Each structure stands twice: as structure tokens, then as C-alpha cells.
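S.K.: Following this line is protein-v7.cif, made up of mmCIF, C-alpha atoms:
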```cif
data_target
loop_
_atom_site.label_atom_id
_atom_site.label_comp_id
_atom_site.auth_asym_id
_atom_site.auth_seq_id
_atom_site.Cartn_x
_atom_site.Cartn_y
_atom_site.Cartn_z
CA MET L 95 4.18 4.33 16.71
CA LYS L 96 6.31 1.25 16.27
CA TYR L 97 8.64 0.72 13.35
CA ARG L 98 9.75 -2.31 11.38
CA LYS L 99 12.74 -2.76 9.07
CA LEU L 100 11.48 -2.89 5.49
CA GLY L 101 13.03 -6.18 4.41
CA LYS L 102 16.62 -5.90 3.19
CA THR L 103 16.42 -2.12 2.81
CA ASP L 104 17.82 0.34 5.34
CA LEU L 105 14.39 1.84 5.92
CA ASN L 106 12.72 1.54 9.33
CA VAL L 107 9.11 2.28 8.47
CA SER L 108 6.09 3.01 10.62
CA GLU L 109 3.67 0.11 11.01
CA ILE L 110 1.01 2.30 9.41
CA THR L 111 1.79 3.83 5.99
CA PHE L 112 0.13 6.97 4.64
CA GLY L 113 -1.74 6.12 1.43
CA GLY L 114 -1.27 9.28 -0.60
CA ILE L 115 -4.32 8.70 -2.77
CA MET L 116 -6.43 9.98 0.12
CA LEU L 117 -5.33 13.52 -0.72
CA MET L 118 -6.76 13.47 -4.23
CA ASN L 119 -8.93 16.59 -4.74
CA THR L 120 -8.33 17.70 -1.15
CA PRO L 121 -7.92 21.47 -0.58
CA GLN L 122 -4.24 22.19 0.07
CA LYS L 123 -4.74 23.68 3.53
CA GLU L 124 -6.71 20.63 4.63
CA ALA L 125 -4.10 18.30 3.12
CA ASP L 126 -1.33 20.15 4.97
CA GLN L 127 -3.17 19.52 8.24
CA ILE L 128 -3.74 15.82 7.47
CA VAL L 129 -0.06 15.26 6.69
CA GLU L 130 1.10 17.24 9.72
CA ALA L 131 -1.16 15.20 12.01
CA ALA L 132 0.09 11.93 10.52
CA VAL L 133 3.74 12.88 11.01
CA LYS L 134 3.06 13.95 14.59
CA LYS L 135 1.52 10.54 15.26
CA GLY L 136 4.66 8.82 14.06
CA ILE L 137 3.92 7.94 10.44
CA ASN L 138 7.15 8.16 8.45
CA PHE L 139 6.28 6.25 5.26
CA PHE L 140 4.23 7.87 2.49
CA ASP L 141 3.11 6.16 -0.71
CA VAL L 142 1.63 7.82 -3.78
CA GLY L 143 1.50 7.40 -7.55
CA PRO L 144 0.75 9.21 -10.82
CA THR L 145 -2.49 7.26 -11.28
CA TYR L 146 -4.03 8.89 -8.21
CA GLY L 147 -5.39 12.00 -9.89
CA ASN L 148 -3.83 15.16 -8.47
CA ALA L 149 -2.63 13.52 -5.25
CA GLN L 150 1.04 14.11 -6.09
CA ASN L 151 0.44 17.83 -6.66
CA ILE L 152 -1.13 18.09 -3.21
CA LEU L 153 1.15 15.75 -1.27
CA GLY L 154 4.32 17.49 -2.49
CA PRO L 155 3.78 20.85 -0.74
CA ALA L 156 2.18 19.18 2.30
CA LEU L 157 5.12 16.83 2.81
CA LYS L 158 7.92 19.26 1.99
CA PRO L 159 8.46 20.50 5.58
CA TYR L 160 9.02 16.88 6.72
CA ARG L 161 10.75 15.39 3.68
CA ASP L 162 14.06 14.81 5.47
CA LYS L 163 12.27 12.96 8.29
CA VAL L 164 10.14 10.57 6.23
CA TYR L 165 10.37 8.00 3.44
CA LEU L 166 8.56 8.56 0.17
CA ALA L 167 7.46 5.82 -2.23
CA ASN L 168 6.12 6.25 -5.74
CA LYS L 169 5.23 3.96 -8.63
CA THR L 170 4.77 3.63 -12.36
CA GLU L 171 1.56 3.74 -14.31
CA PRO L 172 0.61 0.26 -15.56
CA GLY L 173 1.74 -0.65 -19.09
CA GLN L 174 4.32 2.09 -19.57
CA THR L 175 7.42 1.92 -21.77
CA LYS L 176 10.91 2.83 -20.59
CA GLU L 177 10.67 6.35 -22.02
CA GLN L 178 7.26 6.95 -20.49
CA VAL L 179 8.50 5.88 -17.06
CA LYS L 180 11.55 8.14 -17.31
CA LYS L 181 9.32 11.11 -18.04
CA ASP L 182 6.97 10.17 -15.22
CA ILE L 183 9.80 9.91 -12.71
CA GLU L 184 11.02 13.39 -13.65
CA LYS L 185 7.50 14.80 -13.45
CA SER L 186 6.77 13.12 -10.11
CA LEU L 187 9.99 14.43 -8.58
CA LYS L 188 8.95 17.98 -9.50
CA LEU L 189 5.36 17.60 -8.30
CA LEU L 190 6.46 16.06 -5.01
CA GLU L 191 9.17 18.69 -4.56
CA THR L 192 11.91 16.18 -3.87
CA ASP L 193 15.24 15.08 -5.36
CA TYR L 194 14.77 11.34 -4.92
CA PHE L 195 12.39 8.56 -4.00
CA ASP L 196 13.23 6.15 -1.21
CA LEU L 197 11.26 3.50 -3.11
CA TYR L 198 9.94 3.31 -6.66
CA GLN L 199 7.62 0.48 -7.63
CA LEU L 200 6.60 -1.28 -10.81
CA HIS L 201 2.85 -0.90 -10.42
CA GLU L 202 0.02 -3.39 -10.83
CA VAL L 203 1.05 -5.89 -13.51
CA THR L 204 -2.29 -7.33 -14.59
CA ASP L 205 -1.52 -9.96 -17.25
CA GLU L 206 1.29 -12.02 -18.73
CA ASP L 207 1.84 -9.72 -21.70
CA ALA L 208 2.11 -6.65 -19.48
CA LEU L 209 4.55 -8.47 -17.20
CA ASN L 210 6.83 -9.46 -20.09
CA LYS L 211 6.80 -5.94 -21.51
CA ALA L 212 7.58 -4.39 -18.13
CA LEU L 213 10.58 -6.67 -17.59
CA GLY L 214 11.78 -6.78 -21.21
CA SER L 215 14.00 -4.54 -23.32
CA GLY L 216 12.65 -1.01 -23.42
CA GLY L 217 10.29 -1.78 -20.55
CA ALA L 218 9.44 0.01 -17.34
CA LEU L 219 11.97 -1.84 -15.19
CA GLU L 220 14.89 -0.60 -17.31
CA ALA L 221 13.91 2.99 -16.59
CA ILE L 222 13.63 2.31 -12.86
CA ILE L 223 17.06 0.64 -12.77
CA GLU L 224 18.65 3.55 -14.63
CA ALA L 225 16.99 6.04 -12.28
CA LYS L 226 18.50 4.18 -9.35
CA GLU L 227 21.93 4.32 -10.97
CA GLU L 228 21.45 8.10 -11.31
CA GLY L 229 20.60 8.41 -7.63
CA LEU L 230 16.95 9.34 -8.22
CA ILE L 231 15.71 6.14 -6.56
CA LYS L 232 17.13 4.30 -3.57
CA HIS L 233 15.17 1.05 -3.70
CA ILE L 234 13.12 -0.83 -6.29
CA GLY L 235 9.86 -2.65 -5.59
CA PHE L 236 6.65 -3.73 -7.24
CA SER L 237 2.96 -3.92 -6.49
CA ALA L 238 0.58 -6.69 -7.49
CA HIS L 239 -3.02 -7.58 -6.72
CA LYS L 240 -2.88 -11.14 -8.05
CA GLU L 241 -0.84 -13.99 -6.62
CA TRP L 242 0.40 -15.44 -9.92
CA ALA L 243 1.84 -12.05 -10.93
CA ALA L 244 3.46 -11.49 -7.54
CA LEU L 245 5.13 -14.91 -7.53
CA LYS L 246 6.44 -14.48 -11.07
CA LEU L 247 7.82 -11.03 -10.36
CA ILE L 248 9.54 -12.27 -7.20
CA LYS L 249 11.40 -14.82 -9.32
CA SER L 250 12.11 -12.46 -12.22
CA PHE L 251 14.19 -9.76 -10.54
CA ASP L 252 15.88 -8.94 -7.24
CA PHE L 253 13.25 -6.50 -6.02
CA ASP L 254 13.65 -4.87 -2.61
CA THR L 255 9.95 -4.77 -1.74
CA ILE L 256 6.51 -6.03 -2.64
CA MET L 257 3.15 -4.30 -2.15
CA PHE L 258 0.38 -6.90 -1.97
CA PRO L 259 -3.06 -7.41 -0.37
CA VAL L 260 -2.73 -8.99 3.07
CA ASN L 261 -6.39 -9.03 3.95
CA TRP L 262 -8.47 -11.30 6.22
CA ASN L 263 -10.98 -12.12 3.49
CA TYR L 264 -8.37 -12.77 0.79
CA TRP L 265 -6.51 -14.99 3.23
CA PHE L 266 -9.36 -17.15 4.56
CA ASN L 267 -11.49 -17.49 1.46
CA PHE L 268 -8.95 -17.52 -1.35
CA ASN L 269 -5.68 -18.47 0.38
CA GLN L 270 -4.14 -15.35 -1.13
CA GLY L 271 -1.13 -14.11 0.79
CA PRO L 272 0.71 -16.92 2.61
CA GLU L 273 2.73 -18.15 -0.38
CA VAL L 274 3.54 -14.64 -1.57
CA ILE L 275 4.85 -13.68 1.87
CA LYS L 276 6.85 -16.91 2.09
CA GLN L 277 8.57 -16.45 -1.26
CA ALA L 278 9.18 -12.74 -0.75
CA ARG L 279 10.84 -13.32 2.61
CA LYS L 280 13.10 -15.98 1.08
CA LYS L 281 14.61 -13.15 -0.95
CA GLY L 282 14.67 -10.73 1.96
CA MET L 283 12.03 -8.49 0.45
CA GLY L 284 10.14 -5.92 2.45
CA ILE L 285 6.38 -6.49 2.53
CA ILE L 286 3.96 -3.57 2.26
CA ALA L 287 0.44 -4.75 2.99
CA ILE L 288 -2.56 -3.17 1.29
CA LYS L 289 -6.30 -3.64 1.85
CA ALA L 290 -6.01 -4.31 5.59
CA LEU L 291 -9.28 -2.47 6.15
CA ALA L 292 -11.04 -3.62 2.97
CA GLN L 293 -14.39 -5.35 3.37
CA LYS L 294 -15.96 -5.97 -0.05
CA ARG L 295 -16.63 -4.51 -3.47
CA TRP L 296 -19.05 -1.64 -3.73
CA GLN L 297 -22.35 -3.16 -4.81
CA ASP L 298 -23.29 -0.24 -7.04
CA GLY L 299 -19.89 0.76 -8.31
CA ARG L 300 -17.49 3.13 -6.61
CA GLN L 301 -19.21 5.21 -3.95
CA LYS L 302 -18.77 8.96 -3.86
CA ASN L 303 -18.75 9.28 -0.10
CA TYR L 304 -15.51 7.29 0.36
CA ASN L 305 -12.45 7.81 -1.81
CA THR L 306 -11.65 4.09 -2.09
CA TRP L 307 -11.91 1.44 -4.81
CA TYR L 308 -13.74 -0.90 -2.42
CA LYS L 309 -15.94 -0.64 0.64
CA PRO L 310 -13.65 -0.04 3.61
CA ILE L 311 -14.70 -1.17 7.09
CA TYR L 312 -16.09 2.17 8.23
CA ASP L 313 -19.35 0.92 9.78
CA ASN L 314 -18.15 -1.79 12.18
CA ASP L 315 -15.43 -0.73 14.62
CA ARG L 316 -14.90 -4.21 16.01
CA LEU L 317 -14.44 -5.74 12.57
CA ALA L 318 -12.04 -2.94 11.63
CA GLU L 319 -10.00 -3.63 14.76
CA LEU L 320 -9.82 -7.36 14.03
CA ALA L 321 -8.98 -6.79 10.37
CA LEU L 322 -6.10 -4.43 11.13
CA LYS L 323 -4.83 -6.74 13.86
CA PHE L 324 -4.95 -9.64 11.41
CA THR L 325 -2.82 -7.87 8.82
CA LEU L 326 -0.20 -6.56 11.23
CA SER L 327 0.03 -10.01 12.88
CA GLN L 328 1.27 -11.52 9.61
CA ASP L 329 4.90 -11.33 8.51
CA VAL L 330 4.58 -7.86 7.00
CA ASP L 331 6.45 -4.63 7.63
CA THR L 332 3.72 -2.03 7.28
CA ALA L 333 0.05 -1.63 6.36
CA VAL L 334 -1.06 1.11 3.97
CA SER L 335 -4.10 3.10 5.02
CA PRO L 336 -7.12 3.08 2.67
CA GLY L 337 -7.60 5.98 0.29
CA ASP L 338 -9.67 8.12 2.63
CA ASN L 339 -8.34 10.22 5.49
CA ARG L 340 -11.22 9.11 7.74
CA MET L 341 -9.93 5.55 7.42
CA LEU L 342 -6.41 6.67 8.34
CA ASP L 343 -7.91 8.27 11.46
CA LEU L 344 -9.70 5.01 12.25
CA ALA L 345 -6.53 2.95 11.76
CA LEU L 346 -4.58 5.23 14.07
CA LYS L 347 -7.40 5.20 16.64
CA ILE L 348 -7.35 1.38 16.67
CA TYR L 349 -3.57 1.40 16.87
CA GLN L 350 -3.51 3.77 19.83
CA GLU L 351 -6.35 2.08 21.72
CA ASN L 352 -4.42 -1.19 21.54
CA ASN L 353 -1.27 0.50 22.86
CA GLN L 354 0.55 -0.13 19.58
CA ASP L 355 0.20 -3.89 20.12
CA LEU L 356 -1.92 -5.33 17.35
CA LYS L 357 -1.08 -9.01 17.70
CA ILE L 358 -4.31 -10.92 17.07
CA SER L 359 -5.22 -13.63 19.58
CA GLY L 360 -6.59 -17.07 18.78
CA THR L 361 -9.98 -16.07 20.14
CA GLU L 362 -10.03 -12.95 17.99
CA LEU L 363 -9.03 -14.96 14.95
CA GLU L 364 -12.03 -17.22 15.46
CA GLU L 365 -14.23 -14.15 15.91
CA LEU L 366 -13.00 -12.81 12.56
CA LYS L 367 -13.68 -16.12 10.83
CA GLY L 368 -17.10 -16.17 12.44
CA PHE L 369 -17.90 -12.81 10.91
CA LEU L 370 -17.19 -14.24 7.47
CA ASP L 371 -19.32 -17.28 8.16
CA SER L 372 -22.24 -15.20 9.38
CA HIS L 373 -22.17 -13.17 6.18
CA GLY L 374 -21.86 -16.07 3.79
CA GLY L 375 -18.11 -15.71 3.36
CA LYS L 376 -16.33 -14.31 0.33
CA LEU L 377 -17.39 -10.75 0.93
CA TYR L 378 -14.61 -9.46 -1.27
CA PRO L 379 -14.14 -11.53 -4.47
CA ILE L 380 -10.69 -11.62 -6.02
CA PRO L 381 -10.39 -10.57 -9.67
CA LYS L 382 -9.17 -13.44 -11.83
#
```
Hey, can you dump this file as C-alpha cells for me?
M.R.:
Amino acid sequence: MKYRKLGKTDLNVSEITFGGIMLMNTPQKEADQIVEAAVKKGINFFDVGPTYGNAQNILGPALKPYRDKVYLANKTEPGQTKEQVKKDIEKSLKLLETDYFDLYQLHEVTDEDALNKALGSGGALEAIIEAKEEGLIKHIGFSAHKEWAALKLIKSFDFDTIMFPVNWNYWFNFNQGPEVIKQARKKGMGIIAIKALAQKRWQDGRQKNYNTWYKPIYDNDRLAELALKFTLSQDVDTAVSPGDNRMLDLALKIYQENNQDLKISGTELEELKGFLDSHGGKLYPIPK
């Protein structure tokens, strides 16, 4: 596993991040094995959140033996007040059996009103700042799925990191990603890429056989390889695995088969664009 410095933080994170949502509803013994295998393969960055069902309850015991060797990121629930976030931080620390978070993120601001409340007096950000002052949090970041929100948040506060989709389909069809990365890097922010292995929305709602909010690229190994290469070839620090442990296995398999060198070539880039063209493009519409 290779590691990249997470922006202006002091964290050197693995190029693949463990998406903690994958452990939701997983039997503890199985979860322990999944986490142990990930750590042995070099993953040292774990991300989770209170909106992911019982994932925190399961990740806490599984990660405890390795806590001093890894970095742990958590996040708020969308739309919370300062007091709600404070309570959530305390609860999450207990569930995850830790004394601090290496990174805590303002999560998924979806509209202008929510953004203003999160940043305003009595909002979520105040609680996160105070938690950092108390030593419960080392770094402050945010996540966003929409470019307008990401750009506004970058300007609004000196965040350490951003979590944002850096995905082949977003990039080519909607031009989502380049400007966010550019502005984030101007402020020295670390960039945590999500949806590297996303393909499109489920046609009939969320599918029960994969624990993801979208259809991951589980049925085309070549496309998965190109998609992961694309994301890690951009100016990002790490790519979060999709919310299913089979997809983490696939990401690590691709990573190892390429000898930890996932720089996409010009020929491969054209191949990836050709896949979009052959399927009518815009396989994964962006929410407005």
C-alpha cells in the first residue's frame, strides 16, 4: 500500500480508505476479520458515521486492537444543531471505543438553508470547533455531493479536508470535480474521493444484494480497474471503498494487480470515455 499526505494535516493516509458503512448489520466476528484483513493489507484510514445504521457499534470493537496504528474519521448527521452534534460526538466516541477522532466532518450539506444553519450561531460547526479545542478532534473537514455546496463551504471556513465524488462519470458528463479539487488545493485541503467505483443509480431503488446507495461496478472488472485508476490519477489523497466489503476486496485486488501503480494512461482514458459513449453516456445522473 502506498500513502499520501492528507493535505495540510499531519496524516499520511493509505490510498484506499475503509468505508465503515460496509460493516452495517455484519456479524461481529465477520467484521473483525474484515477489519483485520484490511489493516494487514496496509489500509490505515477508516471512515464511518452515525447515519450508517449500526456500523459504529460494529467497527468500534473490530478496530480497537489497531486504533493506535490507524486514523479514524467520523461525521455529523445532516441538519443537526450544535447541541445535537455535541451529543453525537460523545456517543460516537463511546461506540467506537476511542478517545478522539483524527478527523470529524460536517456531513452532506444539501441546500442553502442547511448550509447557513450549519455554519451559523448554534450550528454544527460550532460544536465541532469546540470538540477540537477539547482535544476530542484533531482535524475538521466536510463532505458534499454537490459542487455548489462544496465550493461555498471551501470559502466559508478553513477546513482541513473535503470528501467529494471524484468519479469518471461525474467528471466527463457533468464536469463535477475539477473546480472543487482546484479550489480545495488552493487552501491546502486534503481530498478524500468517494464514488470511485460507482456506475449508476439502481434502476429499481436500492438493491438488497449490495450494501450501497448506487450500483457499484461489480460486474465488469475492466471498467472497475479503469474507474479506480481514473480517481487515483486525479489530485486526490485517498479513495473511499464503496459500502460493501466485496467492493473493498475488488479495489484491493485491482490495486495489487497493478503493483500499487494506478496512474491511468491516455489510451485507458479513451477506453473509459468509450465505455460511456457505448452506453449512451450519463449512466449516473447527478442530483440537482
S.K.: For the file shown, what are the residues hit by the PyMOL selection byres ((chain L and resi 106) around 12), laid out as a list of chain:residue names?
M.R.: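 Evaluating the PyMOL selection byres ((chain L and resi 106) around 12) on these coordinates yields L:Met95, L:Lys96, L:Tyr97, L:Arg98, L:Lys99, L:Leu100, L:Gly101, L:Lys102, L:Thr103, L:Asp104, L:Leu105, L:Val107, L:Ser108, L:Glu109, L:Ile110, L:Thr111, L:Gly136, L:Ile137, L:Asn138, L:Phe139, L:Lys163, L:Val164, L:Tyr165, L:Asp196, L:Gly284, L:Asp331, L:Thr332.
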S.K.: Go through L:Pro155, L:Gly229, L:Pro144, L:Gly214 one by one, measure the shortest atom-to-atom distance of each to Lys123 in chain L using all atoms listed in the file, and give the residue with the smallest value.
M.R.: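 With all atoms listed in the file as the atom set, the closest residue is L:Pro155.
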S.K.: Using all atoms listed in the file, which of the listed residues (L:Ile223, L:Ile311, L:Leu190, L:Leu342) sits closest to Trp262 in chain L?
M.R.: L:Ile311
S.K.: Need to verify the contact set: Gln277 in chain L, 10 Å, all atoms listed in the file, exclusion of same-chain residues closer than 6 positions in sequence. Can you return it as a PyMOL selection string?
M.R.: chain L and resi 244-245+248-249+283
S.K.: Give me, as a ChimeraX atom specification, all polymer residues having an atom no more than 9 Å from Lys169 in chain L, counting all atoms listed in the file and skipping those fewer than 3 positions away in the same chain.
M.R.: /L:141-145,183,197-201,235-237
S.K.: Find the residues around Lys211 in chain L up to 12 Å (all atoms listed in the file counted), leave out those fewer than 2 positions away in its own chain, and share them as a ChimeraX atom specification.
M.R.: /L:172-176,200,203-209,213-220
S.K.: Any chance you can output those residues with C-alpha atoms as a PDB file, in the frame of the given file?
M.R.:
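For reference, part_38.pdb as written:
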```pdb
ATOM      1  CA  PRO L 172       0.610   0.260 -15.560  1.00  0.00           C
ATOM      2  CA  GLY L 173       1.740  -0.650 -19.090  1.00  0.00           C
ATOM      3  CA  GLN L 174       4.320   2.090 -19.570  1.00  0.00           C
ATOM      4  CA  THR L 175       7.420   1.920 -21.770  1.00  0.00           C
ATOM      5  CA  LYS L 176      10.910   2.830 -20.590  1.00  0.00           C
ATOM      6  CA  LEU L 200       6.600  -1.280 -10.810  1.00  0.00           C
ATOM      7  CA  VAL L 203       1.050  -5.890 -13.510  1.00  0.00           C
ATOM      8  CA  THR L 204      -2.290  -7.330 -14.590  1.00  0.00           C
ATOM      9  CA  ASP L 205      -1.520  -9.960 -17.250  1.00  0.00           C
ATOM     10  CA  GLU L 206       1.290 -12.020 -18.730  1.00  0.00           C
ATOM     11  CA  ASP L 207       1.840  -9.720 -21.700  1.00  0.00           C
ATOM     12  CA  ALA L 208       2.110  -6.650 -19.480  1.00  0.00           C
ATOM     13  CA  LEU L 209       4.550  -8.470 -17.200  1.00  0.00           C
ATOM     14  CA  LEU L 213      10.580  -6.670 -17.590  1.00  0.00           C
ATOM     15  CA  GLY L 214      11.780  -6.780 -21.210  1.00  0.00           C
ATOM     16  CA  SER L 215      14.000  -4.540 -23.320  1.00  0.00           C
ATOM     17  CA  GLY L 216      12.650  -1.010 -23.420  1.00  0.00           C
ATOM     18  CA  GLY L 217      10.290  -1.780 -20.550  1.00  0.00           C
ATOM     19  CA  ALA L 218       9.440   0.010 -17.340  1.00  0.00           C
ATOM     20  CA  LEU L 219      11.970  -1.840 -15.190  1.00  0.00           C
ATOM     21  CA  GLU L 220      14.890  -0.600 -17.310  1.00  0.00           C
TER      22      GLU L 220
END
```
S.K.: Report, in Å to a single decimal, how far apart CA of Ala290 in chain L and CA of Phe258 in chain L are.
M.R.: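 Atom-to-atom, CA of Phe258 in chain L and CA of Ala290 in chain L are spaced 10.2 Å apart.
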S.K.: If you apply the PyMOL selection byres ((chain L and resi 289) around 6) to this file, what residues do you get, as a PyMOL selection string?
M.R.: chain L and resi 259+261+288+290-292
S.K.: List as a PyMOL selection string the protein and nucleic acid residues near Asn303 in chain L, meaning an atom at most 12 Å away when only C-alpha atoms are counted, but skip any in the same chain fewer than 3 places from it.
M.R.: chain L and resi 296+299-300+306-310+312+337-340
S.K.: Quick one: of L:Ala278, L:Ala225, L:Ser250, L:Ser335, who's nearest to Gly114 in chain L, counting all atoms listed in the file?
M.R.: L:Ser335
S.K.: Looking at all atoms listed in the file, which of L:Met116, L:Asn352, L:Lys357, L:Lys347 is the one that sits closest to Ser327 in chain L?
M.R.: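 Closest candidate: L:Lys357.
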S.K.: Care to translate the PyMOL selection byres ((chain L and resi 192) around 12) into actual residues of this file, as an NGL selection string?
M.R.: :L and (150-151 or 153-162 or 164-168 or 183-191 or 193-196 or 230-231)
S.K.: For a test of reading the model, state the distance in Å between CA of Lys276 in chain L and CA of Leu326 in chain L, rounded to one decimal.
M.R.: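 Answer for the CA of Lys276 in chain L to CA of Leu326 in chain L separation: 15.5 Å.
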S.K.: From the set L:Phe112, L:Arg316, L:Thr170, L:Met341, which residue has the shortest atom-to-atom contact distance to Val133 in chain L, counting all atoms listed in the file?
M.R.: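 With all atoms listed in the file as the atom set, the closest residue is L:Phe112.
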S.K.: Excluding Ile358 in chain L and any residue of its chain fewer than 6 positions from it, enumerate the residues within 10 Å of it, using all atoms listed in the file, and give them as a list in words.
M.R.: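 Surrounding residues, per the criterion: Glu319, Leu320, Ala321, Leu322, Lys323, Phe324, Thr325, Leu326, Ser327, Gln328 and Leu366 of chain L.
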S.K.: Measure the distance from CA of Asp126 in chain L to CA of Phe140 in chain L in Å and round it to one decimal.
M.R.: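 Going from CA of Asp126 in chain L over to CA of Phe140 in chain L, I get 13.7 Å.
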